[in-house]
Amino acid sequence: MQKLVLLRHGESVWNKENRFTGWTDVDLSEEGVEQAKKAGLLLKKHDYNFDVGFTSLLKRSIKTLHIVLEELDHLWIPVQKSWRLNERFYGALQGLNKDETIAKYGADLVQKWRRDPHELPPSITKDDERYPGHDPRYKDLTERELPLTENLSQTMDRVLPFWNEFIVRDIKKDKKVIVCAHGNSLRALIQYIDHLTDEDVIKLDIPTGIPLIYELDEDLNCTKHYYLE
């Protein structure tokens, strides 16, 4: 039996301000820093240690993992960063206040944009400052890989190749793995691991800064999962 730890980053500044964030590289809030420290201390209390970590290219996730590993005195382990673990790209919604967006478009439509695995939020254009093609961290991505908007299904399409090529590889080598990522990249991964239907994943909420433990059998099927307390 292997244990896999999934962790959503601590509260970000835009989480606190109730904004759609996506690939916008906002920092952790003060509360988010404290959540990350508490996650690290909780993992330490339960005697968790890791051989390798995985995270996105966004600072709120990178910093959360760094703080957790610092609490565990594990800053020395290798950490692999990938855009494939980035948050879902929310297109033209990025930066907008969620309540104001609901007031403008209606709760039903905004809920579809947020939760329906196949519903696309409004797109940006390539001349928009939010277009990731302007960001040097994505300079090696193809035009097809650079999103203008994204739904959860498309997020899963980019997360799963990374899961299968890198994370599964290390789990099969009996390495102890922690993945620190985002609400929607983790929702996509959990939908795959738990074989959730689209209806199931619509209801799935992942809290910030609380370690989610997956117990996996030798075929990497989930036998149990739970939040660490």
# chains A, B, ... in the order shown; residues from 1 in each chain; ligands from 1
$ residues_around --residues "segment 60-69 of chain A" --least-positions-apart "4" --cutoff "7 Å" --atoms "only C-alpha atoms" --output "PyMOL selection string"
chain A and resi 9-10+12+26-28+36-37+39-40+55-56+73-75+180-181
$ atom_distance --atom1 "atom CA of Pro161 of chain A" --atom2 "atom CA of Arg84 of chain A"
8.4 Å
$ select_by_dssp --residues "segment 26-214 of chain A" --states "helix (DSSP H, G or I)" --output "number ranges by chain"
A: 30-45, 59-71, 83-85, 91-93, 98-105, 107-115, 132-134, 136-138, 152-172, 183-193, 198-202
$ write_last_selection --atoms "C-alpha atoms" --output "mmCIF file, in the first residue's frame"
data_model
loop_
_atom_site.group_PDB
_atom_site.id
_atom_site.type_symbol
_atom_site.label_atom_id
_atom_site.label_comp_id
_atom_site.auth_asym_id
_atom_site.auth_seq_id
_atom_site.Cartn_x
_atom_site.Cartn_y
_atom_site.Cartn_z
ATOM 1 C CA GLU A 30 -1.185 35.846 5.409
ATOM 2 C CA GLU A 31 -3.828 33.233 6.183
ATOM 3 C CA GLY A 32 -2.546 31.135 3.285
ATOM 4 C CA VAL A 33 0.977 31.151 4.733
ATOM 5 C CA GLU A 34 -0.430 30.025 8.092
ATOM 6 C CA GLN A 35 -2.464 27.274 6.400
ATOM 7 C CA ALA A 36 0.679 25.980 4.701
ATOM 8 C CA LYS A 37 2.583 25.971 8.001
ATOM 9 C CA LYS A 38 -0.267 24.115 9.698
ATOM 10 C CA ALA A 39 -0.316 21.552 6.876
ATOM 11 C CA GLY A 40 3.406 20.974 7.318
ATOM 12 C CA LEU A 41 3.078 20.613 11.091
ATOM 13 C CA LEU A 42 0.142 18.223 10.658
ATOM 14 C CA LEU A 43 2.137 16.027 8.283
ATOM 15 C CA LYS A 44 5.058 16.123 10.725
ATOM 16 C CA LYS A 45 2.780 15.138 13.619
ATOM 17 C CA LYS A 59 3.867 30.943 -6.753
ATOM 18 C CA ARG A 60 0.912 30.243 -4.466
ATOM 19 C CA SER A 61 1.419 26.532 -5.033
ATOM 20 C CA ILE A 62 5.226 26.646 -5.089
ATOM 21 C CA LYS A 63 5.361 28.609 -1.822
ATOM 22 C CA THR A 64 2.859 26.327 -0.115
ATOM 23 C CA LEU A 65 4.949 23.274 -0.923
ATOM 24 C CA HIS A 66 8.138 25.077 0.141
ATOM 25 C CA ILE A 67 6.630 25.990 3.513
ATOM 26 C CA VAL A 68 5.361 22.429 4.057
ATOM 27 C CA LEU A 69 8.763 20.948 3.239
ATOM 28 C CA GLU A 70 10.464 23.499 5.484
ATOM 29 C CA GLU A 71 8.294 22.415 8.412
ATOM 30 C CA TRP A 83 2.436 24.049 -16.112
ATOM 31 C CA ARG A 84 0.313 20.918 -16.412
ATOM 32 C CA LEU A 85 -0.475 21.212 -12.688
ATOM 33 C CA GLY A 91 -10.166 33.042 -19.566
ATOM 34 C CA ALA A 92 -11.832 36.449 -19.411
ATOM 35 C CA LEU A 93 -13.096 35.764 -15.883
ATOM 36 C CA LYS A 98 -17.168 36.354 -8.312
ATOM 37 C CA ASP A 99 -20.119 38.145 -6.710
ATOM 38 C CA GLU A 100 -19.969 40.965 -9.270
ATOM 39 C CA THR A 101 -19.793 38.393 -12.058
ATOM 40 C CA ILE A 102 -22.889 36.655 -10.689
ATOM 41 C CA ALA A 103 -24.703 40.001 -10.545
ATOM 42 C CA LYS A 104 -23.824 40.628 -14.207
ATOM 43 C CA TYR A 105 -24.396 37.184 -15.751
ATOM 44 C CA ALA A 107 -25.898 32.657 -10.752
ATOM 45 C CA ASP A 108 -26.860 29.754 -13.033
ATOM 46 C CA LEU A 109 -24.497 30.703 -15.851
ATOM 47 C CA VAL A 110 -21.598 31.481 -13.514
ATOM 48 C CA GLN A 111 -22.152 28.171 -11.739
ATOM 49 C CA LYS A 112 -21.928 26.390 -15.110
ATOM 50 C CA TRP A 113 -18.685 28.230 -15.919
ATOM 51 C CA ARG A 114 -17.250 27.255 -12.547
ATOM 52 C CA ARG A 115 -18.473 23.692 -12.153
ATOM 53 C CA PRO A 132 0.037 33.136 -21.150
ATOM 54 C CA GLY A 133 1.972 33.419 -24.400
ATOM 55 C CA HIS A 134 3.312 36.746 -23.060
ATOM 56 C CA PRO A 136 8.385 33.687 -20.270
ATOM 57 C CA ARG A 137 7.619 30.682 -18.089
ATOM 58 C CA TYR A 138 5.433 29.334 -20.911
ATOM 59 C CA LEU A 152 -12.379 21.038 -16.304
ATOM 60 C CA SER A 153 -12.322 18.352 -18.992
ATOM 61 C CA GLN A 154 -9.526 20.190 -20.817
ATOM 62 C CA THR A 155 -7.706 20.656 -17.514
ATOM 63 C CA MET A 156 -7.827 16.890 -17.041
ATOM 64 C CA ASP A 157 -6.463 16.394 -20.551
ATOM 65 C CA ARG A 158 -3.284 18.262 -19.609
ATOM 66 C CA VAL A 159 -2.975 16.947 -16.039
ATOM 67 C CA LEU A 160 -3.215 13.236 -16.862
ATOM 68 C CA PRO A 161 -0.145 12.986 -19.140
ATOM 69 C CA PHE A 162 1.942 14.468 -16.313
ATOM 70 C CA TRP A 163 0.314 12.138 -13.785
ATOM 71 C CA ASN A 164 1.018 9.066 -15.894
ATOM 72 C CA GLU A 165 4.530 9.987 -16.995
ATOM 73 C CA PHE A 166 6.011 11.396 -13.799
ATOM 74 C CA ILE A 167 3.885 10.954 -10.679
ATOM 75 C CA VAL A 168 2.852 7.355 -11.371
ATOM 76 C CA ARG A 169 6.440 6.544 -12.299
ATOM 77 C CA ASP A 170 7.686 7.643 -8.883
ATOM 78 C CA ILE A 171 4.846 5.987 -6.963
ATOM 79 C CA LYS A 172 5.679 2.707 -8.728
ATOM 80 C CA GLY A 183 -8.522 23.473 -6.768
ATOM 81 C CA ASN A 184 -9.291 22.486 -10.345
ATOM 82 C CA SER A 185 -6.113 20.651 -11.319
ATOM 83 C CA LEU A 186 -6.652 18.533 -8.204
ATOM 84 C CA ARG A 187 -10.379 18.127 -8.966
ATOM 85 C CA ALA A 188 -9.419 16.776 -12.388
ATOM 86 C CA LEU A 189 -6.917 14.380 -10.858
ATOM 87 C CA ILE A 190 -9.360 13.219 -8.191
ATOM 88 C CA GLN A 191 -12.070 12.658 -10.799
ATOM 89 C CA TYR A 192 -9.666 10.337 -12.606
ATOM 90 C CA ILE A 193 -8.376 8.481 -9.528
ATOM 91 C CA ASP A 198 -19.328 14.570 -14.177
ATOM 92 C CA GLU A 199 -22.250 14.910 -11.772
ATOM 93 C CA ASP A 200 -20.040 13.816 -8.868
ATOM 94 C CA VAL A 201 -17.214 16.204 -9.671
ATOM 95 C CA ILE A 202 -19.567 19.185 -9.886
#
$ residues_around --residues "Leu7 of chain A" --least-positions-apart "2" --cutoff "8 Å" --atoms "only C-alpha atoms" --output "PyMOL selection string"
chain A and resi 5+9+178-182+208-212
$ atom_distance --atom1 "atom CA of Val177 of chain A" --atom2 "atom CA of Lys3 of chain A"
7.7 Å
$ select_by_dssp --residues "segment 47-135 of chain A" --states "strand (DSSP E or B)" --output "list in words"
Val52, Gly53, Phe54, Thr55, Val79, Gln80, Lys81 and Asn97 of chain A
$ atom_distance --atom1 "atom CA of Pro117 of chain A" --atom2 "atom CA of Pro147 of chain A"
15.9 Å
